[in-house]
file input12.txt (compact mmCIF, C-alpha atoms)
# COMPACT_ATOMS: atom_id res chain seq x y z
CA MET A 114 0.00 0.00 0.00
CA ILE A 115 1.28 3.46 -0.91
CA PRO A 116 0.41 5.50 2.20
CA ILE A 117 -1.11 8.98 2.19
CA ALA A 118 1.79 10.12 4.41
CA ARG A 119 5.22 8.76 5.26
CA PRO A 120 7.03 10.82 7.92
CA GLN A 121 10.76 10.97 7.25
CA MET A 122 13.29 10.62 10.06
CA GLY A 123 16.93 10.40 9.06
CA GLU A 124 20.20 10.04 10.91
CA GLU A 125 20.35 13.83 11.41
CA GLU A 126 17.16 13.77 13.47
CA LYS A 127 18.34 10.78 15.50
CA ARG A 128 21.69 12.41 16.28
CA SER A 129 20.00 15.68 17.21
CA VAL A 130 17.55 13.99 19.58
CA ARG A 131 20.29 11.89 21.11
CA ALA A 132 22.33 15.03 21.79
CA ALA A 133 19.33 16.67 23.42
CA LEU A 134 18.69 13.65 25.63
CA GLU A 135 22.34 13.46 26.64
CA SER A 136 22.46 17.18 27.43
CA GLY A 137 20.09 16.79 30.36
CA MET A 138 18.05 19.79 29.15
CA LEU A 139 14.75 18.22 28.11
CA ALA A 140 12.20 20.99 28.67
CA GLN A 141 12.09 24.33 26.86
CA GLY A 142 15.67 25.52 26.51
CA GLU A 143 18.42 26.50 24.10
CA ARG A 144 17.28 24.23 21.28
CA VAL A 145 13.81 25.76 21.36
CA ARG A 146 15.37 29.22 21.13
CA GLN A 147 17.52 28.12 18.18
CA LEU A 148 14.52 26.68 16.35
CA GLU A 149 12.54 29.86 16.95
CA GLU A 150 15.33 31.97 15.47
CA ALA A 151 15.81 29.66 12.49
CA PHE A 152 12.10 29.39 11.71
CA ALA A 153 11.58 33.15 12.01
CA ALA A 154 14.40 33.67 9.50
CA PHE A 155 12.87 31.04 7.18
CA VAL A 156 9.47 32.76 7.23
CA GLY A 157 11.01 36.23 6.99
CA VAL A 158 9.86 37.78 10.27
CA PRO A 159 11.79 38.90 13.37
CA HIS A 160 9.85 36.82 15.91
CA ALA A 161 8.77 33.22 16.35
CA VAL A 162 7.31 31.58 19.45
CA ALA A 163 7.49 27.78 19.69
CA THR A 164 4.48 25.98 21.14
CA SER A 165 3.33 22.49 22.06
CA SER A 166 1.11 22.18 18.95
CA GLY A 167 -0.40 24.07 16.06
CA THR A 168 -3.60 24.32 18.09
CA THR A 169 -1.88 26.04 20.99
CA ALA A 170 -0.17 28.38 18.53
CA LEU A 171 -3.61 29.45 17.27
CA HIS A 172 -4.91 29.80 20.83
CA LEU A 173 -1.94 31.97 21.83
CA ALA A 174 -2.25 34.10 18.71
CA LEU A 175 -5.88 34.89 19.47
CA LEU A 176 -5.26 35.61 23.14
CA ALA A 177 -2.20 37.75 22.41
CA SER A 178 -4.32 39.70 19.90
CA GLY A 179 -6.81 40.53 22.65
CA VAL A 180 -9.60 38.23 21.46
CA GLY A 181 -11.93 37.41 24.34
CA GLU A 182 -15.47 37.15 25.65
CA GLY A 183 -18.10 38.62 23.37
CA ASP A 184 -15.78 38.98 20.39
CA GLU A 185 -16.24 37.45 16.94
CA VAL A 186 -13.60 35.88 14.72
CA ILE A 187 -14.30 35.35 11.02
CA THR A 188 -13.09 32.01 9.67
CA VAL A 189 -14.15 29.16 7.38
CA PRO A 190 -16.06 25.91 7.94
CA PHE A 191 -13.93 23.88 5.52
CA THR A 192 -10.96 23.19 7.78
CA PHE A 193 -9.81 21.17 10.79
CA ILE A 194 -11.86 21.97 13.87
CA ALA A 195 -8.97 23.71 15.65
CA SER A 196 -9.51 26.77 13.44
CA ALA A 197 -12.82 27.23 15.25
CA SER A 198 -12.31 25.51 18.61
CA THR A 199 -9.45 27.85 19.50
CA VAL A 200 -11.81 30.79 18.93
CA LEU A 201 -14.20 29.18 21.41
CA HIS A 202 -11.34 28.52 23.85
CA ALA A 203 -10.58 32.25 23.75
CA GLY A 204 -14.16 32.97 24.76
CA ALA A 205 -15.16 34.35 21.36
CA ARG A 206 -17.57 33.14 18.70
CA PRO A 207 -16.56 31.86 15.26
CA VAL A 208 -18.36 33.56 12.37
CA PHE A 209 -18.17 31.28 9.35
CA VAL A 210 -18.04 32.39 5.72
CA ASP A 211 -17.83 30.14 2.68
CA VAL A 212 -14.69 29.26 0.78
CA GLY A 213 -13.81 29.70 -2.88
CA GLU A 214 -14.70 26.93 -5.30
CA ALA A 215 -11.28 26.90 -6.95
CA ASP A 216 -8.71 27.35 -4.17
CA PHE A 217 -10.70 26.16 -1.10
CA CYS A 218 -9.64 29.34 0.75
CA ILE A 219 -11.60 32.21 2.29
CA ASP A 220 -12.82 34.96 -0.04
CA PRO A 221 -11.86 38.47 1.17
CA ALA A 222 -15.19 39.80 -0.13
CA HIS A 223 -17.02 37.39 2.17
CA VAL A 224 -14.89 38.64 5.06
CA GLU A 225 -15.72 42.29 4.46
CA ALA A 226 -19.43 41.50 4.40
CA ALA A 227 -19.25 39.53 7.67
CA VAL A 228 -17.58 42.24 9.78
CA THR A 229 -19.68 43.53 12.69
CA PRO A 230 -18.89 45.82 15.64
CA ARG A 231 -17.94 42.67 17.58
CA THR A 232 -15.42 41.38 15.04
CA ARG A 233 -11.93 41.29 16.52
CA ALA A 234 -9.97 39.08 14.12
CA VAL A 235 -9.93 37.30 10.77
CA LEU A 236 -8.61 33.74 10.74
CA PRO A 237 -8.01 32.50 7.17
CA VAL A 238 -6.85 28.93 6.56
CA SER A 239 -4.11 28.29 4.02
CA LEU A 240 -5.55 24.90 3.19
CA TYR A 241 -3.53 21.98 1.80
CA GLY A 242 -0.49 24.25 1.39
CA GLN A 243 -1.94 27.08 -0.72
CA PRO A 244 -1.89 30.47 1.04
CA ALA A 245 -5.17 32.29 1.34
CA ASP A 246 -5.30 35.68 -0.39
CA LEU A 247 -3.29 37.23 2.43
CA PRO A 248 -2.53 40.63 0.82
CA ALA A 249 -6.24 41.28 0.27
CA LEU A 250 -7.12 39.97 3.71
CA GLN A 251 -4.47 42.15 5.31
CA ALA A 252 -5.97 45.17 3.57
CA VAL A 253 -9.41 44.30 4.97
CA ALA A 254 -7.96 43.75 8.44
CA GLU A 255 -6.09 47.06 8.42
CA ARG A 256 -9.08 48.95 7.10
CA ARG A 257 -11.37 47.49 9.77
CA GLY A 258 -8.86 47.46 12.64
CA LEU A 259 -8.80 43.66 12.94
CA ALA A 260 -6.10 41.15 13.82
CA LEU A 261 -5.08 38.81 11.00
CA VAL A 262 -4.26 35.29 12.21
CA GLU A 263 -3.26 32.90 9.44
CA ASP A 264 -3.85 29.21 10.11
CA ALA A 265 -0.71 28.12 8.28
CA ALA A 266 -0.68 24.64 9.80
CA GLN A 267 -0.30 23.14 6.29
CA ALA A 268 1.64 25.94 4.61
CA HIS A 269 5.31 25.57 5.60
CA GLY A 270 7.27 27.30 2.84
CA ALA A 271 4.21 28.35 0.85
CA ALA A 272 4.43 31.86 -0.56
CA ILE A 273 2.75 34.63 -2.48
CA GLY A 274 5.38 36.19 -4.67
CA GLU A 275 8.55 36.33 -2.59
CA ARG A 276 6.70 36.52 0.72
CA ARG A 277 6.07 33.37 2.72
CA SER A 278 3.03 32.26 4.67
CA GLY A 279 3.35 33.38 8.27
CA SER A 280 4.66 36.85 7.38
CA TRP A 281 1.24 38.57 7.14
CA GLY A 282 -0.23 39.37 10.54
CA ILE A 283 0.34 36.33 12.75
CA GLY A 284 1.20 32.92 11.32
CA CYS A 285 0.39 29.69 13.14
CA PHE A 286 2.13 26.48 12.05
CA SER A 287 1.78 22.84 13.07
CA PHE A 288 4.67 20.40 13.30
CA TYR A 289 2.50 17.29 13.55
CA PRO A 290 4.25 14.16 12.17
CA THR A 291 2.57 14.28 8.74
CA LYS A 292 3.28 17.96 8.08
CA ASN A 293 5.89 19.17 5.56
CA MET A 294 8.30 19.35 8.49
CA THR A 295 7.81 17.91 11.94
CA THR A 296 8.98 18.07 15.53
CA ALA A 297 6.90 14.92 16.26
CA GLU A 298 4.42 17.29 17.90
CA GLY A 299 4.62 21.05 18.21
CA GLY A 300 3.79 24.37 16.64
CA MET A 301 5.06 27.88 15.97
CA LEU A 302 3.64 31.39 16.04
CA THR A 303 5.34 33.92 13.75
CA THR A 304 4.97 37.71 13.73
CA ALA A 305 6.68 41.01 12.99
CA ASP A 306 5.12 42.51 16.13
CA GLY A 307 7.57 42.33 19.02
CA ASP A 308 4.99 43.30 21.65
CA LEU A 309 2.60 40.59 20.47
CA ALA A 310 5.41 38.01 20.50
CA GLU A 311 6.24 38.98 24.08
CA ARG A 312 2.60 38.62 25.14
CA ALA A 313 2.52 35.19 23.51
CA ARG A 314 5.68 34.11 25.34
CA LEU A 315 4.22 35.32 28.63
CA LEU A 316 0.99 33.41 28.06
CA ARG A 317 2.88 30.33 26.90
CA GLU A 318 4.74 29.88 30.19
CA HIS A 319 2.32 30.41 33.07
CA GLY A 320 2.55 34.19 32.83
CA MET A 321 6.23 34.22 33.86
CA ARG A 322 9.12 36.34 32.66
CA VAL A 323 11.09 35.61 35.82
CA ARG A 324 10.83 32.11 37.27
CA TYR A 325 8.01 31.82 39.82
CA HIS A 326 7.02 35.48 39.36
CA HIS A 327 3.61 35.26 37.66
CA GLU A 328 2.32 38.45 36.05
CA ILE A 329 -0.86 36.98 34.53
CA VAL A 330 -2.72 33.69 34.46
CA GLY A 331 -1.06 31.83 31.61
CA TYR A 332 -0.75 28.33 30.20
CA ASN A 333 1.80 25.60 29.72
CA PHE A 334 2.02 25.64 25.92
CA ARG A 335 5.78 25.08 25.73
CA MET A 336 7.74 23.01 23.25
CA THR A 337 10.42 20.69 24.67
CA ASP A 338 14.07 20.73 23.63
CA VAL A 339 13.69 17.12 22.48
CA HIS A 340 10.98 18.16 20.01
CA ALA A 341 12.97 21.22 18.96
CA ALA A 342 15.97 18.99 18.27
CA ILE A 343 13.93 17.16 15.62
CA GLY A 344 12.82 20.48 14.14
CA LEU A 345 16.38 21.77 13.94
CA ALA A 346 17.29 18.74 11.81
CA GLN A 347 14.12 18.96 9.70
CA LEU A 348 14.07 22.67 8.86
CA PRO A 349 17.19 22.69 6.63
CA LYS A 350 15.62 19.86 4.61
CA LEU A 351 12.27 21.63 4.13
CA PRO A 352 13.03 23.53 0.87
CA ALA A 353 14.19 20.37 -0.92
CA LEU A 354 11.31 18.32 0.47
CA ASN A 355 8.85 20.95 -0.73
CA GLU A 356 10.45 20.97 -4.18
CA ARG A 357 9.95 17.22 -4.38
CA ARG A 358 6.28 17.67 -3.43
CA ARG A 359 5.90 20.26 -6.19
CA ALA A 360 7.57 17.98 -8.72
CA ILE A 361 5.16 15.16 -7.89
CA ALA A 362 2.22 17.59 -8.06
CA ALA A 363 3.39 18.75 -11.49
CA ARG A 364 3.26 15.17 -12.76
CA TYR A 365 -0.24 14.77 -11.36
CA ASP A 366 -1.31 18.03 -13.01
CA ARG A 367 -0.05 16.80 -16.38
CA GLU A 368 -1.13 13.18 -16.27
CA LEU A 369 -4.30 12.80 -14.20
CA ARG A 370 -7.53 12.41 -16.17
CA GLY A 371 -11.21 12.51 -15.26
CA VAL A 372 -10.80 14.35 -11.93
CA VAL A 373 -10.61 18.02 -10.92
CA THR A 374 -7.01 18.81 -9.98
CA PRO A 375 -6.00 21.65 -7.63
CA ALA A 376 -6.16 25.20 -8.95
CA VAL A 377 -3.19 27.33 -7.92
CA ARG A 378 -3.64 31.10 -7.97
CA LEU A 379 -1.27 33.20 -10.06
CA GLY A 380 1.90 34.14 -8.20
CA VAL A 381 1.40 31.52 -5.47
CA THR A 382 3.96 28.90 -4.44
CA HIS A 383 1.95 25.92 -3.21
CA ALA A 384 3.55 23.76 -0.50
CA TYR A 385 1.41 20.72 -1.39
CA HIS A 386 0.95 19.44 2.13
CA GLN A 387 -1.86 17.59 0.38
CA TYR A 388 -2.60 17.08 -3.29
CA THR A 389 -6.38 17.15 -3.26
CA ILE A 390 -8.54 16.19 -6.20
CA ARG A 391 -12.33 16.35 -6.56
CA VAL A 392 -14.06 13.21 -7.73
CA ALA A 393 -17.43 11.59 -8.33
CA GLN A 394 -18.66 9.06 -5.76
CA ARG A 395 -15.81 9.98 -3.44
CA ASP A 396 -16.07 7.14 -0.92
CA GLU A 397 -16.33 4.52 -3.66
CA PHE A 398 -13.44 6.21 -5.47
CA ALA A 399 -11.29 5.92 -2.34
CA GLU A 400 -12.23 2.27 -1.87
CA ARG A 401 -11.29 1.40 -5.45
CA LEU A 402 -7.95 3.15 -5.01
CA ARG A 403 -7.38 1.17 -1.81
CA ARG A 404 -7.95 -2.06 -3.71
CA ARG A 405 -5.27 -0.92 -6.16
CA GLY A 406 -2.81 -0.27 -3.33
CA VAL A 407 -3.14 3.52 -3.11
CA GLY A 408 -3.88 5.16 0.23
CA THR A 409 -6.00 8.30 0.40
CA GLY A 410 -7.29 10.80 2.92
CA VAL A 411 -10.39 12.96 3.20
CA TYR A 412 -9.65 16.42 4.59
CA TYR A 413 -12.35 17.16 5.71
CA PRO A 414 -15.56 15.08 5.44
CA ILE A 415 -17.71 17.17 7.80
CA PRO A 416 -17.67 20.98 7.68
CA VAL A 417 -16.93 22.47 11.09
CA HIS A 418 -20.36 24.09 11.48
CA ARG A 419 -21.88 20.60 11.28
CA GLN A 420 -19.63 19.05 13.91
CA LYS A 421 -21.44 18.07 17.15
CA PRO A 422 -19.89 20.77 19.39
CA LEU A 423 -20.88 23.50 16.92
CA LEU A 424 -24.36 22.05 16.41
CA ALA A 425 -24.82 22.32 20.17
CA LEU A 426 -24.01 26.04 19.90
CA GLY A 427 -26.72 26.66 17.31
CA TYR A 428 -24.75 26.58 14.05
CA GLY A 429 -26.82 23.78 12.52
CA GLU A 430 -29.10 26.03 10.49
CA GLN A 431 -26.25 27.78 8.71
CA ARG A 432 -25.47 26.74 5.16
CA PHE A 433 -22.23 27.12 3.23
CA PRO A 434 -22.87 25.43 -0.12
CA VAL A 435 -19.31 25.41 -1.45
CA ALA A 436 -17.81 24.01 1.75
CA GLU A 437 -20.56 21.40 1.99
CA ARG A 438 -20.11 20.35 -1.63
CA LEU A 439 -16.34 20.12 -1.31
CA ALA A 440 -16.66 17.99 1.83
CA GLY A 441 -18.38 15.35 -0.31
CA GLU A 442 -15.96 15.49 -3.24
CA VAL A 443 -12.38 16.08 -2.01
CA LEU A 444 -9.90 13.23 -1.93
CA SER A 445 -6.21 13.63 -1.13
CA ILE A 446 -3.73 11.29 -2.83
CA PRO A 447 -0.11 10.64 -1.82
CA VAL A 448 2.26 13.54 -2.52
CA HIS A 449 4.85 13.06 0.21
CA PRO A 450 8.49 13.49 -0.85
CA SER A 451 9.52 9.88 -0.19
CA LEU A 452 7.41 8.65 -3.11
CA THR A 453 9.43 6.97 -5.85
CA GLU A 454 8.71 7.70 -9.49
CA ASP A 455 7.30 4.19 -9.83
CA GLU A 456 4.92 4.88 -6.94
CA VAL A 457 3.85 8.16 -8.53
CA SER A 458 3.14 6.27 -11.76
CA THR A 459 1.11 3.72 -9.81
CA VAL A 460 -0.98 6.48 -8.22
CA ILE A 461 -1.59 8.13 -11.60
CA GLY A 462 -2.58 4.87 -13.25
CA ALA A 463 -4.93 3.94 -10.42
CA VAL A 464 -6.64 7.35 -10.32
CA ASN A 465 -7.13 7.39 -14.08
CA GLU A 466 -8.55 3.87 -14.10
CA VAL A 467 -11.03 4.60 -11.31
CA ALA A 468 -12.02 7.93 -12.85
CA ALA A 469 -12.80 6.14 -16.11
CA GLU A 470 -14.93 3.61 -14.23
CA LEU A 471 -16.90 6.12 -12.14
CA GLY A 472 -17.06 9.05 -14.52
CA PRO A 473 -16.49 12.78 -13.90
CA ILE A 474 -18.14 14.83 -11.20
CA PRO A 475 -21.20 16.77 -12.44
CA SER A 476 -20.13 19.75 -14.52
CA GLY A 477 -22.04 22.18 -12.33
CA THR A 478 -19.69 21.48 -9.42
CA ARG A 479 -16.44 22.09 -11.27
CA ALA A 480 -14.34 25.12 -10.43

call {"tool": "encode", "arguments": {"input": "input12.txt", "output": "structure tokens"}}
result
Amino acid sequence: MIPIARPQMGEEEKRSVRAALESGMLAQGERVRQLEEAFAAFVGVPHAVATSSGTTALHLALLASGVGEGDEVITVPFTFIASASTVLHAGARPVFVDVGEADFCIDPAHVEAAVTPRTRAVLPVSLYGQPADLPALQAVAERRGLALVEDAAQAHGAAIGERRSGSWGIGCFSFYPTKNMTTAEGGMLTTADGDLAERARLLREHGMRVRYHHEIVGYNFRMTDVHAAIGLAQLPKLPALNERRRAIAARYDRELRGVVTPAVRLGVTHAYHQYTIRVAQRDEFAERLRRRGVGTGVYYPIPVHRQKPLLALGYGEQRFPVAERLAGEVLSIPVHPSLTEDEVSTVIGAVNEVAAELGPIPSGTRA
């Protein structure tokens, strides 16, 4: 079976972790600081704050931006639930708007229309590795006095022009094992705002600047040095790994038939955390690929506003037709950099065979 993901751990990661273990410094320490500096330089911002996960990075970003009780945060329903649950954790209410048919990302025009006096932040999701329209969203945020918090959990190294995801407003990355780079578990907040970074650091570590002197009620959202050691070995590999993902995606773009392939906006560098096609009879399509030895993933089968916790909060009557349609059609196929050319050919052949058997998706749903 060709898996949908295949985390890569080489000798560099093993040596780095071994050195961290032998150092005796296992909690947040010098390696975390080094990873923060290196990742900030990679993104192109002066500040990065390492966290225990991508979810805690989002939570810190919202809190450090002043989001709290009674506030609203505009985001999308076609995403992982953390994009909305962290808004709830901050005491605010998610306000959902639909995504674009072609790029699966939030439409700035939808954002502008959804702003109310209670809106405090906009939280776009750079889904599958394609950045949302961050320049336009930043313009809306600045015009309306809102924080811009990019959920860049899948967008490591993605860019618009020469500017990388995480350099508009606040970027929030995940280092979960299947991401483009990993620390086994962890996250990172990136920003050009030194005051915001300092607030995030304070919140991250129980409200302490000086040990056992607590200025505010904070959290334990720290990354360990052991996790940072993995990240320090992974980050230098990220550009080459992303290039391999893009090369595989280019073959898919050229050779896949009978499915809707990803649309990449002009001037965008896609990181291809996932290569996501749209197909007819999605679940049957996935099953037929499985029988041919090709693993797949569905990201995400249930829009967030239809998840049980959100239904309990009264979101069940809301409708977002594009997000709901995509949730029934999207299917991610392997694009990880460890794929061999023979495996890529196997994926292409299997997808084309199944597409011929099941037929195209209805023309009215195509981007």

call {"tool": "atom_distance", "arguments": {"input": "input12.txt", "atom1": "atom CA of Phe398 of chain A", "atom2": "atom CA of Val189 of chain A"}}
result
26.3 Å

call {"tool": "residues_around", "arguments": {"input": "input12.txt", "residues": "Ala468 of chain A", "least_positions_apart": "5", "cutoff": "9 Å", "atoms": "only C-alpha atoms", "output": "PyMOL selection string"}}
result
chain A and resi 370-372+392-393+398+463+473

call {"tool": "atom_distance", "arguments": {"input": "input12.txt", "atom1": "atom CA of Glu318 of chain A", "atom2": "atom CA of Asn333 of chain A"}}
result
5.2 Å

call {"tool": "atom_distance", "arguments": {"input": "input12.txt", "atom1": "atom CA of Leu345 of chain A", "atom2": "atom CA of Leu148 of chain A"}}
result
5.8 Å

call {"tool": "closest_residue", "arguments": {"input": "input12.txt", "among": "A:Gly204, A:Pro190, A:Gly429, A:Pro244", "to": "Arg276 of chain A", "atoms": "all atoms listed in the file"}}
result
A:Pro244

call {"tool": "axis_aligned_box", "arguments": {"input": "input12.txt", "around": "segment 366-370 of chain A", "padding_each_side": "8 Å", "output": "JSON"}}
result
{"center_x": -3.8, "center_y": 15.2, "center_z": -14.7, "size_x": 23.5, "size_y": 21.6, "size_z": 19.4}

call {"tool": "closest_residue", "arguments": {"input": "input12.txt", "among": "A:Ile461, A:Ile343, A:Glu454, A:Glu430", "to": "Gly123 of chain A", "atoms": "only C-alpha atoms"}}
result
A:Ile343

call {"tool": "residues_around", "arguments": {"input": "input12.txt", "residues": "segment 131-137 of chain A", "least_positions_apart": "4", "cutoff": "8 Å", "atoms": "only C-alpha atoms", "output": "tab-separated table (two decimals) with C-alpha atoms, keeping the file's coordinate frame"}}
result
chain	number	residue	atom	x	y	z
A	127	LYS	CA	18.34	10.78	15.50
A	338	ASP	CA	14.07	20.73	23.63
A	339	VAL	CA	13.69	17.12	22.48
A	342	ALA	CA	15.97	18.99	18.27

call {"tool": "residues_around", "arguments": {"input": "input12.txt", "residues": "Ala272 of chain A", "least_positions_apart": "4", "cutoff": "8 Å", "atoms": "all atoms listed in the file", "output": "PDB file with C-alpha atoms, in the coordinates of the input"}}
result
ATOM      1  CA  GLN A 243      -1.940  27.080  -0.720  1.00  0.00           C
ATOM      2  CA  PRO A 244      -1.890  30.470   1.040  1.00  0.00           C
ATOM      3  CA  ARG A 276       6.700  36.520   0.720  1.00  0.00           C
ATOM      4  CA  ARG A 277       6.070  33.370   2.720  1.00  0.00           C
ATOM      5  CA  SER A 278       3.030  32.260   4.670  1.00  0.00           C
ATOM      6  CA  VAL A 381       1.400  31.520  -5.470  1.00  0.00           C
ATOM      7  CA  THR A 382       3.960  28.900  -4.440  1.00  0.00           C
ATOM      8  CA  HIS A 383       1.950  25.920  -3.210  1.00  0.00           C
TER       9      HIS A 383
END

call {"tool": "build_atoms", "arguments": {"input": "input12.txt", "residues": "segment 277-295 of chain A", "atoms": "N, CA and C atoms", "output": "mmCIF file, in the coordinates of the input"}}
result
data_model
loop_
_atom_site.group_PDB
_atom_site.id
_atom_site.type_symbol
_atom_site.label_atom_id
_atom_site.label_comp_id
_atom_site.auth_asym_id
_atom_site.auth_seq_id
_atom_site.Cartn_x
_atom_site.Cartn_y
_atom_site.Cartn_z
ATOM 1 N N ARG A 277 6.544 34.668 2.274
ATOM 2 C CA ARG A 277 6.070 33.370 2.720
ATOM 3 C C ARG A 277 4.875 33.469 3.665
ATOM 4 N N SER A 278 4.078 32.397 3.671
ATOM 5 C CA SER A 278 3.030 32.260 4.670
ATOM 6 C C SER A 278 3.634 32.436 6.061
ATOM 7 N N GLY A 279 2.867 33.096 6.924
ATOM 8 C CA GLY A 279 3.350 33.380 8.270
ATOM 9 C C GLY A 279 3.944 34.756 8.421
ATOM 10 N N SER A 280 4.062 35.506 7.304
ATOM 11 C CA SER A 280 4.660 36.850 7.380
ATOM 12 C C SER A 280 3.613 37.955 7.239
ATOM 13 N N TRP A 281 2.336 37.587 7.084
ATOM 14 C CA TRP A 281 1.240 38.570 7.140
ATOM 15 C C TRP A 281 0.565 38.411 8.493
ATOM 16 N N GLY A 282 0.420 39.483 9.237
ATOM 17 C CA GLY A 282 -0.230 39.370 10.540
ATOM 18 C C GLY A 282 0.502 38.374 11.409
ATOM 19 N N ILE A 283 -0.233 37.383 11.914
ATOM 20 C CA ILE A 283 0.340 36.330 12.750
ATOM 21 C C ILE A 283 0.186 35.009 12.016
ATOM 22 N N GLY A 284 1.265 34.253 11.918
ATOM 23 C CA GLY A 284 1.200 32.920 11.320
ATOM 24 C C GLY A 284 1.210 31.855 12.392
ATOM 25 N N CYS A 285 0.451 30.789 12.178
ATOM 26 C CA CYS A 285 0.390 29.690 13.140
ATOM 27 C C CYS A 285 0.612 28.374 12.403
ATOM 28 N N PHE A 286 1.717 27.700 12.733
ATOM 29 C CA PHE A 286 2.130 26.480 12.050
ATOM 30 C C PHE A 286 2.011 25.275 12.969
ATOM 31 N N SER A 287 1.785 24.114 12.364
ATOM 32 C CA SER A 287 1.780 22.840 13.070
ATOM 33 C C SER A 287 2.991 22.024 12.644
ATOM 34 N N PHE A 288 3.567 21.318 13.600
ATOM 35 C CA PHE A 288 4.670 20.400 13.300
ATOM 36 C C PHE A 288 4.280 18.957 13.611
ATOM 37 N N TYR A 289 3.007 18.648 13.401
ATOM 38 C CA TYR A 289 2.500 17.290 13.550
ATOM 39 C C TYR A 289 3.289 16.351 12.625
ATOM 40 N N PRO A 290 3.376 15.054 12.934
ATOM 41 C CA PRO A 290 4.250 14.160 12.170
ATOM 42 C C PRO A 290 4.042 14.140 10.660
ATOM 43 N N THR A 291 2.811 14.365 10.181
ATOM 44 C CA THR A 291 2.570 14.280 8.740
ATOM 45 C C THR A 291 2.773 15.593 8.009
ATOM 46 N N LYS A 292 3.113 16.668 8.724
ATOM 47 C CA LYS A 292 3.280 17.960 8.080
ATOM 48 C C LYS A 292 4.561 17.989 7.236
ATOM 49 N N ASN A 293 4.737 19.059 6.460
ATOM 50 C CA ASN A 293 5.890 19.170 5.560
ATOM 51 C C ASN A 293 7.209 19.134 6.325
ATOM 52 N N MET A 294 7.208 19.610 7.551
ATOM 53 C CA MET A 294 8.300 19.350 8.490
ATOM 54 C C MET A 294 7.676 19.075 9.840
ATOM 55 N N THR A 295 8.386 18.330 10.673
ATOM 56 C CA THR A 295 7.810 17.910 11.940
ATOM 57 C C THR A 295 8.780 18.090 13.094
#
